[in-house]
Amino acid sequence: MYPKKLEPFLTSVEKPGRYIGGECNQVEKTLPIDVRFAFCFPDTYEIGMSNLGLKILYDVLNEQENVWCERCFAPWPDMGKLLKEQQIPLYALESGDPLIAFDFVGFTMQYELSYTNVLYMLDLVGIPYYAKDRDDRHPLLIAGGPCTYNPEPFAPFFDIVFIGEGEEALPRLTALYAKCKKQGIKKEEFLQKTVQLEGFYVPSLYEAAYDAEGHITSFSPTCPEAPKTVKRQIVEDLNTAYYPTKQPVPFIETVHDRVVLEVYRGCGAGCRFCQAGFMFRPIRERDHGVLNTLAQETIRNTGYDEISLCSLSISDYSQLPNLADDLLSWTEQDQISLSLPSLRLDSFSRHLSDRVSSLRKSGLTFAPEAGTQALRDRINKGVTEEDLLNAAMVAFDDNRFSIKLYFMLGLPTETMDDIPGIAELAGKVVDVYYQRPNRVKGKSVTVTVSVACFVPKPFTPFQWEGQDSLEELESKQKLLGSSIRSKKISYKWHDAKISRMEAVLARGDRRLAQALVNAYEAGQYFDGWDEHFSYSLWENAMTDAGLYMDFYACRDIPADEILPWDFIDMGVRRSYFEREYQRAKNGQLTPNCRVKCSGCGIQGCPLSTKEGN
Amino acid sequence: MENTTLRLQYTKTGNMKFISHLDVNRLFLRALRRAGFKPRYSEGFHPHPKFSFALPLSLGHESICELVDITLESAVFPREMMDRMNAVLPKDFQIHACDYAGDPLKHAKYAQYALTVRVKDDAAFSLMQKTLSGKIIVEKKTKSKVEKTDISPLIASLEMKQGEKQVLIRAKLSASPSSYLNPNYLYEALRANPDLAPRLEECTIMREAIYHKNGLLLSPMG
């Protein structure tokens, strides 16, 4: 639903189907209701509706009888402009009501460069950015999602930040709220109660102090109710965890327009740059039987004709053969296609691929991350050249002629010698193709080398490591470009300036909030979209807030310095990250958790052993 | 296996006018699965179900007479098809007639539209009458250039009625593939008149009927 006033204008914006709601399985409830929750995704509808987390929490909240959760996405700039011109406040898709009418306005923080979109959306709602400037008349602002593992850069905007997996914890918050609302309890007191719920951080109840150079000297609660550390919440058993089998089905095409089946959470590979690899620990698998039932129910309720198995590294799932058998017993005859993203083409997947005509023959993607074995060892990417060349061989035999290779530039301990290694490795893949005696004549191969820049992330062994300067990153990109000789290799690289902003925001403290406001007011939003990103605007925004990019992005942080996210207990011990950082410098590999427990300290891990800890 | 081809007539109104023709195709595909029907898939490398539509509808236009032929893998009664589909389709996108399809869905010849034009004053009416009589020159965009053309030969009939701050235009326009006239051009012709343009507020368009070659109404029964 949309406000009636909008009707005559909707055909003038791009893809109006994004703004109408009314999809199959959308949840509608009758007003009045105790708790109205607007679940906001600070990016486009097509991206937001592809997010499994949104669908899970939408359903979890709506399962509560006294809660109505609705959806809201960032309108594309043409629509944002229209809403402003027509003075129509941003609305939720289910009821068409303005967000100001809600009890909670919740944002899922998925990506650093979508932080300004939060301000953009608040601007379209017409409520103050800073929590301190709002009162009991305004909705409560809450943030969640992966970026809350360092919530500090946006903390001053929010009343509450939830840390962890929300399936079980969010209903505790809405229950508390409903109770307080009935008793007429004011916001201030409600927040003091909220901060006592595990995993709910109330930024206004904590204070940071800095020294003259800007380092944090203390970070502590300002009231006795607030705990010193905020404990990340997780779902213990994925078999009983909520899965949205009756999710809303978009009318328009979205990025992932299919059933996304979360096979397991967590990852044991321990790649030292990867935040997701540590953030989603411990490893928790869903039973293949449970997954099969969920898949069948979801297909029936949504009408989708494709299932994609989702996890950080699908071939590590211990029950993959059983799951494949379960699914294949009905998907083929029902014309449902299966896709396995980030597939490692080993013997098993080859076997699967031979059996299943409905398995999408996409190209192979492979992420060696670094060009030389020494560097791959230092980042703990347990992949060898042989693995890659074997996988390529299997792919070519399977008539897949495009291979995408992902790398990173600027990795810790990288030297200029590591860079031509990327070109050499890609060249070897091309050679594998032409050395095959049985190759199909006339068919060509494409190897895409896609190169990102290393971004140091909180809660990884590399969190202390400074990012390369812009000049270094750009000269490395050039060096790689000139090292690539084969015409069969296509080379793509990320804008180093965008990576630099990611690093600033990933490692930032709460003083960055002002830079975010400055950047938005100067016209920065949808920054994650290249065409909207302006580095010079960001530079000004930082300077005007009295902050320096290098301080956040490029500095090697000493181990004894207080990190902005130190108050969060995310499960993996700080000392473990320190040890892993040291092992990286020594070039020592740490085995996959499935091989041997290395004692990261996470609770409730089925792979954890006494000796490891 | 016994294939059945059914012809469905459906509405696309309200919210649903904002989804595109491709979205409609996807909507049918998913609704069939939700309703428990199996469409017949095409042979070939990328099998896909084939729906055949009488006439695509522009995004933003409403309709009460859309037609599609759908082939299912098994026999089903039209009434059952309609009921089960309506249970899983949005309320502004409902099937109101369904029957076995006879001949393949023929190319439409004409389509009738109701254009409701909201106007600021009563003087607009006579100006509109004048603009839409005789030759009606509009700018038509083709791939490479903008051309001025007279659309009046493509109008089979046109009548206008004055209402309270609005004018209703009922027009039967050519809809054959070689000379399809989008009803938007009528409104554009009105807006191109500099005396009239400031008096116009907005226009909504509803497709009311689709006609065969022989002039008969195209419907599931015909």
# chains A, B, ... in the order shown; residues from 1 in each chain; ligands from 1
>>> closest_atom_pairs(of="chain B", to="chain A", cutoff="6 Å", atoms="only C-alpha atoms", output="JSON lines")
{"residue": "B:Phe18", "atom": "CA", "partner": "A:Gly17", "partner_atom": "CA", "distance": 5.4}
{"residue": "B:Ile19", "atom": "CA", "partner": "A:Gly17", "partner_atom": "CA", "distance": 5.2}
{"residue": "B:Asp23", "atom": "CA", "partner": "A:Ile252", "partner_atom": "CA", "distance": 5.6}
{"residue": "B:Arg30", "atom": "CA", "partner": "A:Gly303", "partner_atom": "CA", "distance": 4.1}
{"residue": "B:Arg33", "atom": "CA", "partner": "A:Gly303", "partner_atom": "CA", "distance": 4.7}
{"residue": "B:Arg34", "atom": "CA", "partner": "A:Gly303", "partner_atom": "CA", "distance": 4.8}
{"residue": "B:Gly60", "atom": "CA", "partner": "A:Thr11", "partner_atom": "CA", "distance": 5.8}
>>> select_by_dssp(residues="region 54-199 of chain B", states="alpha helix (DSSP H)", output="ChimeraX atom specification")
/B:78-88,123-131,184-191
>>> atom_distance(atom1="CA of Ala155 (chain A)", atom2="CA of Leu191 (chain A)")
14.3 Å
>>> atom_distance(atom1="CA of Lys38 (chain B)", atom2="CA of Leu105 (chain B)")
20.5 Å
>>> residues_around(residues="region 95-102 of chain B", least_positions_apart="3", cutoff="10 Å", atoms="only C-alpha atoms", output="ChimeraX atom specification")
/B:4-12,64-71,76-83,85-86,89,91-92,105,219-222
>>> write_last_selection(atoms="C-alpha atoms", output="short mmCIF file (atom, residue, chain, number, x, y, z; two decimals), in the first residue's frame")
data_model
loop_
_atom_site.label_atom_id
_atom_site.label_comp_id
_atom_site.auth_asym_id
_atom_site.auth_seq_id
_atom_site.Cartn_x
_atom_site.Cartn_y
_atom_site.Cartn_z
CA THR B 4 -5.24 -28.79 -21.24
CA THR B 5 -5.07 -25.25 -22.50
CA LEU B 6 -7.23 -22.82 -20.63
CA ARG B 7 -8.04 -19.24 -21.50
CA LEU B 8 -8.22 -16.89 -18.52
CA GLN B 9 -9.65 -13.40 -18.42
CA TYR B 10 -8.38 -11.30 -15.55
CA THR B 11 -8.30 -7.82 -14.08
CA LYS B 12 -5.19 -5.77 -13.37
CA ILE B 64 -10.61 -5.48 -16.68
CA CYS B 65 -10.20 -7.65 -19.76
CA GLU B 66 -6.71 -9.15 -19.92
CA LEU B 67 -6.42 -12.52 -21.62
CA VAL B 68 -3.89 -15.30 -21.35
CA ASP B 69 -3.71 -18.92 -22.53
CA ILE B 70 -2.02 -21.34 -20.17
CA THR B 71 -1.30 -24.98 -20.94
CA VAL B 76 -8.70 -29.47 -14.95
CA PHE B 77 -12.16 -27.90 -14.94
CA PRO B 78 -12.12 -24.19 -15.77
CA ARG B 79 -14.11 -23.32 -12.66
CA GLU B 80 -11.64 -25.14 -10.43
CA MET B 81 -8.70 -23.46 -12.12
CA MET B 82 -10.28 -20.06 -11.58
CA ASP B 83 -11.10 -20.66 -7.91
CA MET B 85 -5.84 -19.38 -8.81
CA ASN B 86 -7.91 -16.58 -7.33
CA LEU B 89 -3.57 -14.12 -6.58
CA LYS B 91 -7.12 -8.97 -4.91
CA ASP B 92 -6.43 -6.47 -7.70
CA LEU B 105 -5.36 -16.76 -29.02
CA SER B 219 -13.12 -13.41 -24.38
CA PRO B 220 -12.52 -16.92 -23.05
CA MET B 221 -15.70 -17.99 -24.79
CA GLY B 222 -14.87 -16.49 -28.16
#
